[in-house]
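*Asks:* So here's upload.cif (mmCIF, C-alpha atoms).
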data_protein
loop_
_atom_site.group_PDB
_atom_site.id
_atom_site.type_symbol
_atom_site.label_atom_id
_atom_site.label_comp_id
_atom_site.auth_asym_id
_atom_site.auth_seq_id
_atom_site.Cartn_x
_atom_site.Cartn_y
_atom_site.Cartn_z
ATOM 1 C CA VAL E 91 -17.241 32.023 -24.828
ATOM 2 C CA LYS E 92 -19.638 34.670 -23.513
ATOM 3 C CA GLU E 93 -22.277 33.632 -26.048
ATOM 4 C CA ALA E 94 -22.000 29.986 -24.999
ATOM 5 C CA GLN E 95 -22.099 31.023 -21.350
ATOM 6 C CA ALA E 96 -25.257 33.082 -21.879
ATOM 7 C CA LYS E 97 -26.864 30.204 -23.776
ATOM 8 C CA TRP E 98 -26.249 27.741 -20.947
ATOM 9 C CA LEU E 99 -27.365 30.182 -18.272
ATOM 10 C CA LEU E 100 -30.655 30.722 -20.112
ATOM 11 C CA LYS E 101 -31.145 26.976 -20.509
ATOM 12 C CA ILE E 102 -30.448 26.366 -16.821
ATOM 13 C CA GLU E 103 -32.757 29.187 -15.744
ATOM 14 C CA THR E 104 -35.541 27.720 -17.878
ATOM 15 C CA LEU E 105 -35.118 24.250 -16.383
ATOM 16 C CA LEU E 106 -34.942 25.625 -12.851
ATOM 17 C CA GLY E 107 -38.062 27.688 -13.463
ATOM 18 C CA GLU E 108 -39.934 24.598 -14.623
ATOM 19 C CA SER E 109 -38.780 22.635 -11.590
ATOM 20 C CA TYR E 110 -39.767 25.337 -9.113
ATOM 21 C CA GLY E 111 -43.078 25.788 -10.929
ATOM 22 C CA LYS E 112 -43.948 22.119 -10.433
ATOM 23 C CA LEU E 113 -43.254 22.557 -6.729
ATOM 24 C CA GLY E 114 -45.512 25.591 -6.590
ATOM 25 C CA LYS E 115 -42.584 27.840 -5.759
ATOM 26 C CA HIS E 116 -41.455 30.919 -7.609
ATOM 27 C CA LYS E 117 -38.232 32.910 -7.594
ATOM 28 C CA THR E 118 -37.506 36.457 -8.633
ATOM 29 C CA PRO E 119 -35.447 37.000 -11.813
ATOM 30 C CA SER E 120 -32.397 37.963 -9.757
ATOM 31 C CA GLU E 121 -32.739 34.837 -7.602
ATOM 32 C CA MET E 122 -33.052 32.660 -10.702
ATOM 33 C CA ALA E 123 -29.949 34.266 -12.188
ATOM 34 C CA LEU E 124 -27.944 33.528 -9.041
ATOM 35 C CA LEU E 125 -29.177 29.937 -8.972
ATOM 36 C CA ALA E 126 -28.288 29.474 -12.638
ATOM 37 C CA TRP E 127 -24.773 30.786 -12.032
ATOM 38 C CA ALA E 128 -24.377 28.428 -9.054
ATOM 39 C CA VAL E 129 -25.444 25.415 -11.116
ATOM 40 C CA LEU E 130 -23.185 26.373 -14.030
ATOM 41 C CA ASP E 131 -20.200 26.849 -11.720
ATOM 42 C CA ALA E 132 -20.881 23.510 -10.029
ATOM 43 C CA LEU E 133 -20.999 21.700 -13.368
ATOM 44 C CA THR E 134 -17.952 23.499 -14.741
ATOM 45 C CA PHE E 135 -15.709 22.881 -11.753
ATOM 46 C CA ALA E 136 -17.117 19.522 -10.611
ATOM 47 C CA GLY E 137 -13.785 17.782 -11.184
ATOM 48 C CA GLY E 138 -11.741 20.525 -9.588
ATOM 49 C CA LEU E 139 -10.808 18.388 -6.590
ATOM 50 C CA GLY E 140 -11.238 14.908 -8.039
ATOM 51 C CA VAL E 141 -8.453 15.151 -10.614
ATOM 52 C CA PRO E 142 -5.693 16.463 -8.309
ATOM 53 C CA THR E 143 -6.801 14.098 -5.531
ATOM 54 C CA LEU E 144 -6.543 11.006 -7.720
ATOM 55 C CA THR E 145 -3.273 12.284 -9.206
ATOM 56 C CA HIS E 146 -1.971 12.731 -5.656
ATOM 57 C CA HIS E 147 -2.940 9.141 -4.845
ATOM 58 C CA CYS E 148 -1.247 7.845 -8.008
ATOM 59 C CA ILE E 149 2.024 9.526 -7.059
ATOM 60 C CA ALA E 150 1.688 8.288 -3.474
ATOM 61 C CA VAL E 151 1.388 4.589 -4.365
ATOM 62 C CA ILE E 152 4.536 4.903 -6.472
ATOM 63 C CA ALA E 153 6.398 6.770 -3.740
ATOM 64 C CA ASN E 154 5.511 4.304 -0.980
ATOM 65 C CA GLY E 155 6.195 1.197 -3.056
ATOM 66 C CA GLU E 156 2.635 -0.130 -3.248
ATOM 67 C CA ALA E 157 2.695 0.005 -7.050
ATOM 68 C CA SER E 158 6.168 -1.474 -7.489
ATOM 69 C CA ALA E 159 4.728 -4.166 -9.785
ATOM 70 C CA VAL E 160 4.209 -1.614 -12.572
ATOM 71 C CA LEU E 161 7.610 0.073 -12.268
ATOM 72 C CA ASP E 162 10.587 -0.745 -14.468
ATOM 73 C CA SER E 163 14.144 -1.342 -13.282
ATOM 74 C CA ASN E 164 14.677 2.431 -13.096
ATOM 75 C CA GLY E 165 11.669 2.892 -10.854
ATOM 76 C CA ARG E 166 9.545 4.485 -13.560
ATOM 77 C CA LEU E 167 5.967 3.694 -14.450
ATOM 78 C CA ASP E 168 5.460 1.221 -17.284
ATOM 79 C CA ARG E 169 3.803 3.361 -19.978
ATOM 80 C CA LYS E 170 1.848 0.396 -21.318
ATOM 81 C CA LYS E 171 0.171 -0.058 -17.948
ATOM 82 C CA ILE E 172 -0.660 3.551 -17.080
ATOM 83 C CA ASP E 173 -4.432 3.223 -17.566
ATOM 84 C CA HIS E 174 -4.453 -0.072 -15.672
ATOM 85 C CA PHE E 175 -2.442 1.629 -12.928
ATOM 86 C CA ILE E 176 -4.905 4.527 -12.689
ATOM 87 C CA MET E 177 -7.883 2.163 -12.476
ATOM 88 C CA GLU E 178 -6.417 0.158 -9.610
ATOM 89 C CA THR E 179 -5.409 3.302 -7.745
ATOM 90 C CA SER E 180 -8.880 4.801 -8.186
ATOM 91 C CA ARG E 181 -10.364 1.539 -6.923
ATOM 92 C CA LEU E 182 -8.354 1.357 -3.722
ATOM 93 C CA TYR E 183 -8.121 5.113 -3.152
ATOM 94 C CA PRO E 184 -11.095 6.740 -4.925
ATOM 95 C CA ALA E 185 -11.173 10.528 -5.089
ATOM 96 C CA VAL E 186 -14.885 10.487 -4.230
ATOM 97 C CA THR E 187 -15.792 7.966 -1.550
ATOM 98 C CA GLU E 188 -19.504 8.675 -1.083
ATOM 99 C CA VAL E 189 -22.389 9.791 -3.291
ATOM 100 C CA PRO E 190 -25.538 11.115 -1.555
ATOM 101 C CA PHE E 191 -28.956 10.890 -3.197
ATOM 102 C CA LEU E 192 -32.640 11.030 -2.329
ATOM 103 C CA ARG E 193 -34.898 7.987 -2.448
ATOM 104 C CA SER E 194 -38.540 8.185 -1.436
ATOM 105 C CA GLY E 195 -37.833 11.491 0.251
ATOM 106 C CA LYS E 196 -35.004 10.092 2.347
ATOM 107 C CA ARG E 197 -31.332 10.935 2.014
ATOM 108 C CA GLU E 198 -29.144 7.899 1.407
ATOM 109 C CA VAL E 199 -25.448 7.528 0.707
ATOM 110 C CA ILE E 200 -23.729 5.097 -1.638
ATOM 111 C CA SER E 201 -20.286 4.234 -0.304
ATOM 112 C CA ILE E 202 -18.016 3.956 -3.336
ATOM 113 C CA GLY E 203 -15.044 3.443 -1.050
ATOM 114 C CA MET E 204 -16.540 0.420 0.687
ATOM 115 C CA GLN E 205 -17.787 -1.098 -2.576
ATOM 116 C CA SER E 206 -14.334 -0.711 -4.082
ATOM 117 C CA ARG E 207 -12.925 -2.944 -1.346
ATOM 118 C CA GLU E 208 -15.687 -5.542 -1.329
ATOM 119 C CA LYS E 209 -13.929 -8.906 -1.053
ATOM 120 C CA ALA E 210 -16.780 -10.765 -2.707
ATOM 121 C CA VAL E 211 -16.044 -8.739 -5.850
ATOM 122 C CA TRP E 212 -12.328 -7.953 -5.722
ATOM 123 C CA GLY E 213 -10.991 -10.964 -3.836
ATOM 124 C CA ASP E 214 -9.620 -11.601 -0.360
ATOM 125 C CA ASP E 215 -6.786 -9.146 -1.047
ATOM 126 C CA ALA E 216 -9.189 -6.308 -1.901
ATOM 127 C CA ASP E 217 -7.423 -4.056 0.619
ATOM 128 C CA THR E 218 -4.150 -4.473 -1.260
ATOM 129 C CA TRP E 219 -2.961 -2.523 -4.298
ATOM 130 C CA LYS E 220 -2.669 -5.084 -7.094
ATOM 131 C CA LEU E 221 -3.418 -5.016 -10.791
ATOM 132 C CA ARG E 222 -6.478 -7.126 -11.443
ATOM 133 C CA PRO E 223 -7.997 -8.424 -14.704
ATOM 134 C CA LEU E 224 -9.174 -5.488 -16.817
ATOM 135 C CA PRO E 225 -12.713 -6.912 -17.294
ATOM 136 C CA LEU E 226 -13.141 -6.796 -13.512
ATOM 137 C CA TYR E 227 -12.639 -3.020 -13.542
ATOM 138 C CA HIS E 228 -14.915 -2.509 -16.526
ATOM 139 C CA GLU E 229 -17.689 -4.446 -14.803
ATOM 140 C CA ASN E 230 -17.308 -3.256 -11.212
ATOM 141 C CA LEU E 231 -15.251 -0.072 -10.868
ATOM 142 C CA ASN E 232 -17.454 2.777 -9.631
ATOM 143 C CA ALA E 233 -14.832 5.443 -9.000
ATOM 144 C CA PHE E 234 -16.605 7.765 -11.452
ATOM 145 C CA ALA E 235 -20.165 6.828 -10.443
ATOM 146 C CA GLU E 236 -20.526 4.478 -13.403
ATOM 147 C CA PHE E 237 -23.444 2.841 -11.606
ATOM 148 C CA ALA E 238 -25.542 5.986 -11.901
ATOM 149 C CA HIS E 239 -28.126 6.891 -14.506
ATOM 150 C CA PRO E 240 -26.353 8.057 -17.706
ATOM 151 C CA THR E 241 -27.202 11.667 -16.910
ATOM 152 C CA ARG E 242 -25.829 11.423 -13.357
ATOM 153 C CA SER E 243 -22.542 9.560 -13.821
ATOM 154 C CA CYS E 244 -19.368 11.633 -14.011
ATOM 155 C CA PRO E 245 -19.514 13.636 -17.277
ATOM 156 C CA GLY E 246 -15.818 14.445 -17.077
ATOM 157 C CA LYS E 247 -14.476 10.904 -16.683
ATOM 158 C CA GLY E 248 -12.725 10.863 -20.055
ATOM 159 C CA LEU E 249 -11.184 14.297 -19.557
ATOM 160 C CA SER E 250 -10.142 13.468 -15.990
ATOM 161 C CA LEU E 251 -8.364 10.297 -17.073
ATOM 162 C CA ALA E 252 -6.682 12.135 -19.952
ATOM 163 C CA ILE E 253 -5.336 14.818 -17.593
ATOM 164 C CA ILE E 254 -4.031 12.278 -15.077
ATOM 165 C CA ARG E 255 -2.560 10.095 -17.818
ATOM 166 C CA GLY E 256 -0.819 13.079 -19.391
ATOM 167 C CA PHE E 257 0.570 14.229 -16.052
ATOM 168 C CA LEU E 258 1.941 10.788 -15.202
ATOM 169 C CA LYS E 259 3.572 10.453 -18.611
ATOM 170 C CA GLN E 260 5.248 13.817 -18.139
ATOM 171 C CA LEU E 261 6.341 12.943 -14.604
ATOM 172 C CA ASN E 262 7.803 9.752 -16.015
ATOM 173 C CA GLU E 263 10.312 11.875 -17.900
ATOM 174 C CA TYR E 264 12.026 12.742 -14.623
ATOM 175 C CA SER E 265 13.681 11.010 -11.747
ATOM 176 C CA TRP E 266 11.899 12.000 -8.563
ATOM 177 C CA SER E 267 11.655 11.062 -4.920
ATOM 178 C CA ASN E 268 9.673 11.801 -1.798
ATOM 179 C CA VAL E 269 11.438 14.569 0.122
ATOM 180 C CA ASP E 270 10.467 13.342 3.593
ATOM 181 C CA THR E 271 11.443 9.713 4.122
ATOM 182 C CA SER E 272 11.517 9.959 7.914
ATOM 183 C CA LYS E 273 8.072 8.387 8.200
ATOM 184 C CA PRO E 274 6.078 5.904 6.097
ATOM 185 C CA LEU E 275 3.754 7.353 3.481
ATOM 186 C CA LYS E 276 0.499 5.625 4.368
ATOM 187 C CA ALA E 277 -3.116 6.362 3.580
ATOM 188 C CA ASN E 278 -5.553 7.199 6.332
ATOM 189 C CA GLY E 279 -8.462 5.172 5.050
ATOM 190 C CA PHE E 280 -8.926 6.365 1.468
ATOM 191 C CA ARG E 281 -6.713 9.453 1.658
ATOM 192 C CA PHE E 282 -2.987 10.053 1.597
ATOM 193 C CA PRO E 283 -1.476 12.929 3.579
ATOM 194 C CA GLU E 284 0.259 15.792 1.841
ATOM 195 C CA PHE E 285 3.849 15.152 0.822
ATOM 196 C CA THR E 286 6.470 16.791 -1.374
ATOM 197 C CA ILE E 287 8.484 15.263 -4.182
ATOM 198 C CA ARG E 288 11.782 16.473 -5.618
ATOM 199 C CA LEU E 289 12.389 16.282 -9.367
ATOM 200 C CA SER E 290 15.790 15.456 -10.794
ATOM 201 C CA SER E 291 17.002 15.755 -14.366
ATOM 202 C CA PRO E 292 14.887 14.309 -17.200
ATOM 203 C CA SER E 293 15.333 10.614 -17.836
ATOM 204 C CA SER E 294 17.610 9.767 -20.726
ATOM 205 C CA SER E 295 15.850 6.435 -21.188
ATOM 206 C CA SER E 296 12.304 7.818 -21.526
#
Could I get this structure in the form of structure tokens?

*Replies:*
Amino acid sequence: VKEAQAKWLLKIETLLGESYGKLGKHKTPSEMALLAWAVLDALTFAGGLGVPTLTHHCIAVIANGEASAVLDSNGRLDRKKIDHFIMETSRLYPAVTEVPFLRSGKREVISIGMQSREKAVWGDDADTWKLRPLPLYHENLNAFAEFAHPTRSCPGKGLSLAIIRGFLKQLNEYSWSNVDTSKPLKANGFRFPEFTIRLSSPSSSS
């Protein structure tokens, strides 16, 4: 691990040095080392919030009944529709709602959240959780910055989906419920508030 770490740090330092050189700026070796560590940490932990946020949203739409169409008679997620379920949830409640970038020296922001609810693309019920034709997601879903240049789109998309899928399958083994039912579990825009679930015994039918 340390050898791989050192290899990547050296590669990043080299690239940063070339970039700063083109700008006519130079950094000391210690400054370059700190910058390289910052870049490596950013790349390594880029999905640190995205995965739990989207997982949180997936649990929320089950708990509040929005995703009832993909639940069986026991209130459990249909295993055959898990990926479809994740795609629709990430469309309506994306973990990352905005992506900033520079164009012609000006900072602009792409609103993934707004695009994901564009009625011209998703239909008049774009603000509603509903499974839509799979090709529509493949062509238009931008929850993982699929629109970006290949080197800028989310490099951890596959791993993120695998983690969320695995978690949901494991959760499906249990009966569970939202602890606080005194108030509706609703999203504030693209985000759900914190809530607690209580697990019961494993499902005998799973």

*Asks:* How many Å separate CA of Ala128 (chain E) from CA of Leu106 (chain E)?

*Replies:* 11.6 Å

*Asks:* Got a sec: who's within 10 Å of Trp98 (chain E), counting all atoms listed in the file, leaving out chain neighbours fewer than 6 positions off, as a short mmCIF file (atom, residue, chain, number, x, y, z; two decimals) with C-alpha atoms, in the coordinates of the input?

*Replies:*
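The result, written out as selection_8.cif:
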data_model
loop_
_atom_site.label_atom_id
_atom_site.label_comp_id
_atom_site.auth_asym_id
_atom_site.auth_seq_id
_atom_site.Cartn_x
_atom_site.Cartn_y
_atom_site.Cartn_z
CA LYS E 92 -19.64 34.67 -23.51
CA THR E 104 -35.54 27.72 -17.88
CA ALA E 126 -28.29 29.47 -12.64
CA TRP E 127 -24.77 30.79 -12.03
CA LEU E 130 -23.18 26.37 -14.03
#

*Asks:* Smallest atom-to-atom distance to Thr218 (chain E): which of E:Thr179, E:Asn232, E:Thr187, E:Ser250, using all atoms listed in the file?

*Replies:*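 Of E:Thr179, E:Asn232, E:Thr187, E:Ser250, the one nearest Thr218 (chain E) is E:Thr179, counting all atoms listed in the file.
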
*Asks:* Report as an MDAnalysis selection string all protein, DNA and RNA residues lying within 8 Å of region 279-290 of chain E, evaluated on only C-alpha atoms, omitting residues in the same chain fewer than 5 positions from it.

*Replies:* chainID E and resid 146:147 150 182:184 187 203 264:270

*Asks:* Find the residues around Ser206 (chain E) up to 12 Å (all atoms listed in the file counted), leave out those fewer than 3 positions away in its own chain, and share them as an MDAnalysis selection string.

*Replies:* chainID E and resid 177:188 200:203 209:213 215:219 226:227 229:235 280

*Asks:* Which residue gives the smallest distance to Leu224 (chain E) among E:Asp173, E:Glu93, E:Asp162, E:Glu121, with all atoms listed in the file counted?

*Replies:* E:Asp173

*Asks:* What does the distance from CA of Thr145 (chain E) to CA of Pro223 (chain E) come to in Å, to one decimal?

*Replies:*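 Computed distance, CA of Thr145 (chain E) to CA of Pro223 (chain E), equals 21.9 Å.
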
*Asks:* So how far away is CA of Gln260 (chain E) from CA of Arg222 (chain E), in Å?

*Replies:*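 Answer for the CA of Arg222 (chain E) to CA of Gln260 (chain E) separation: 24.9 Å.
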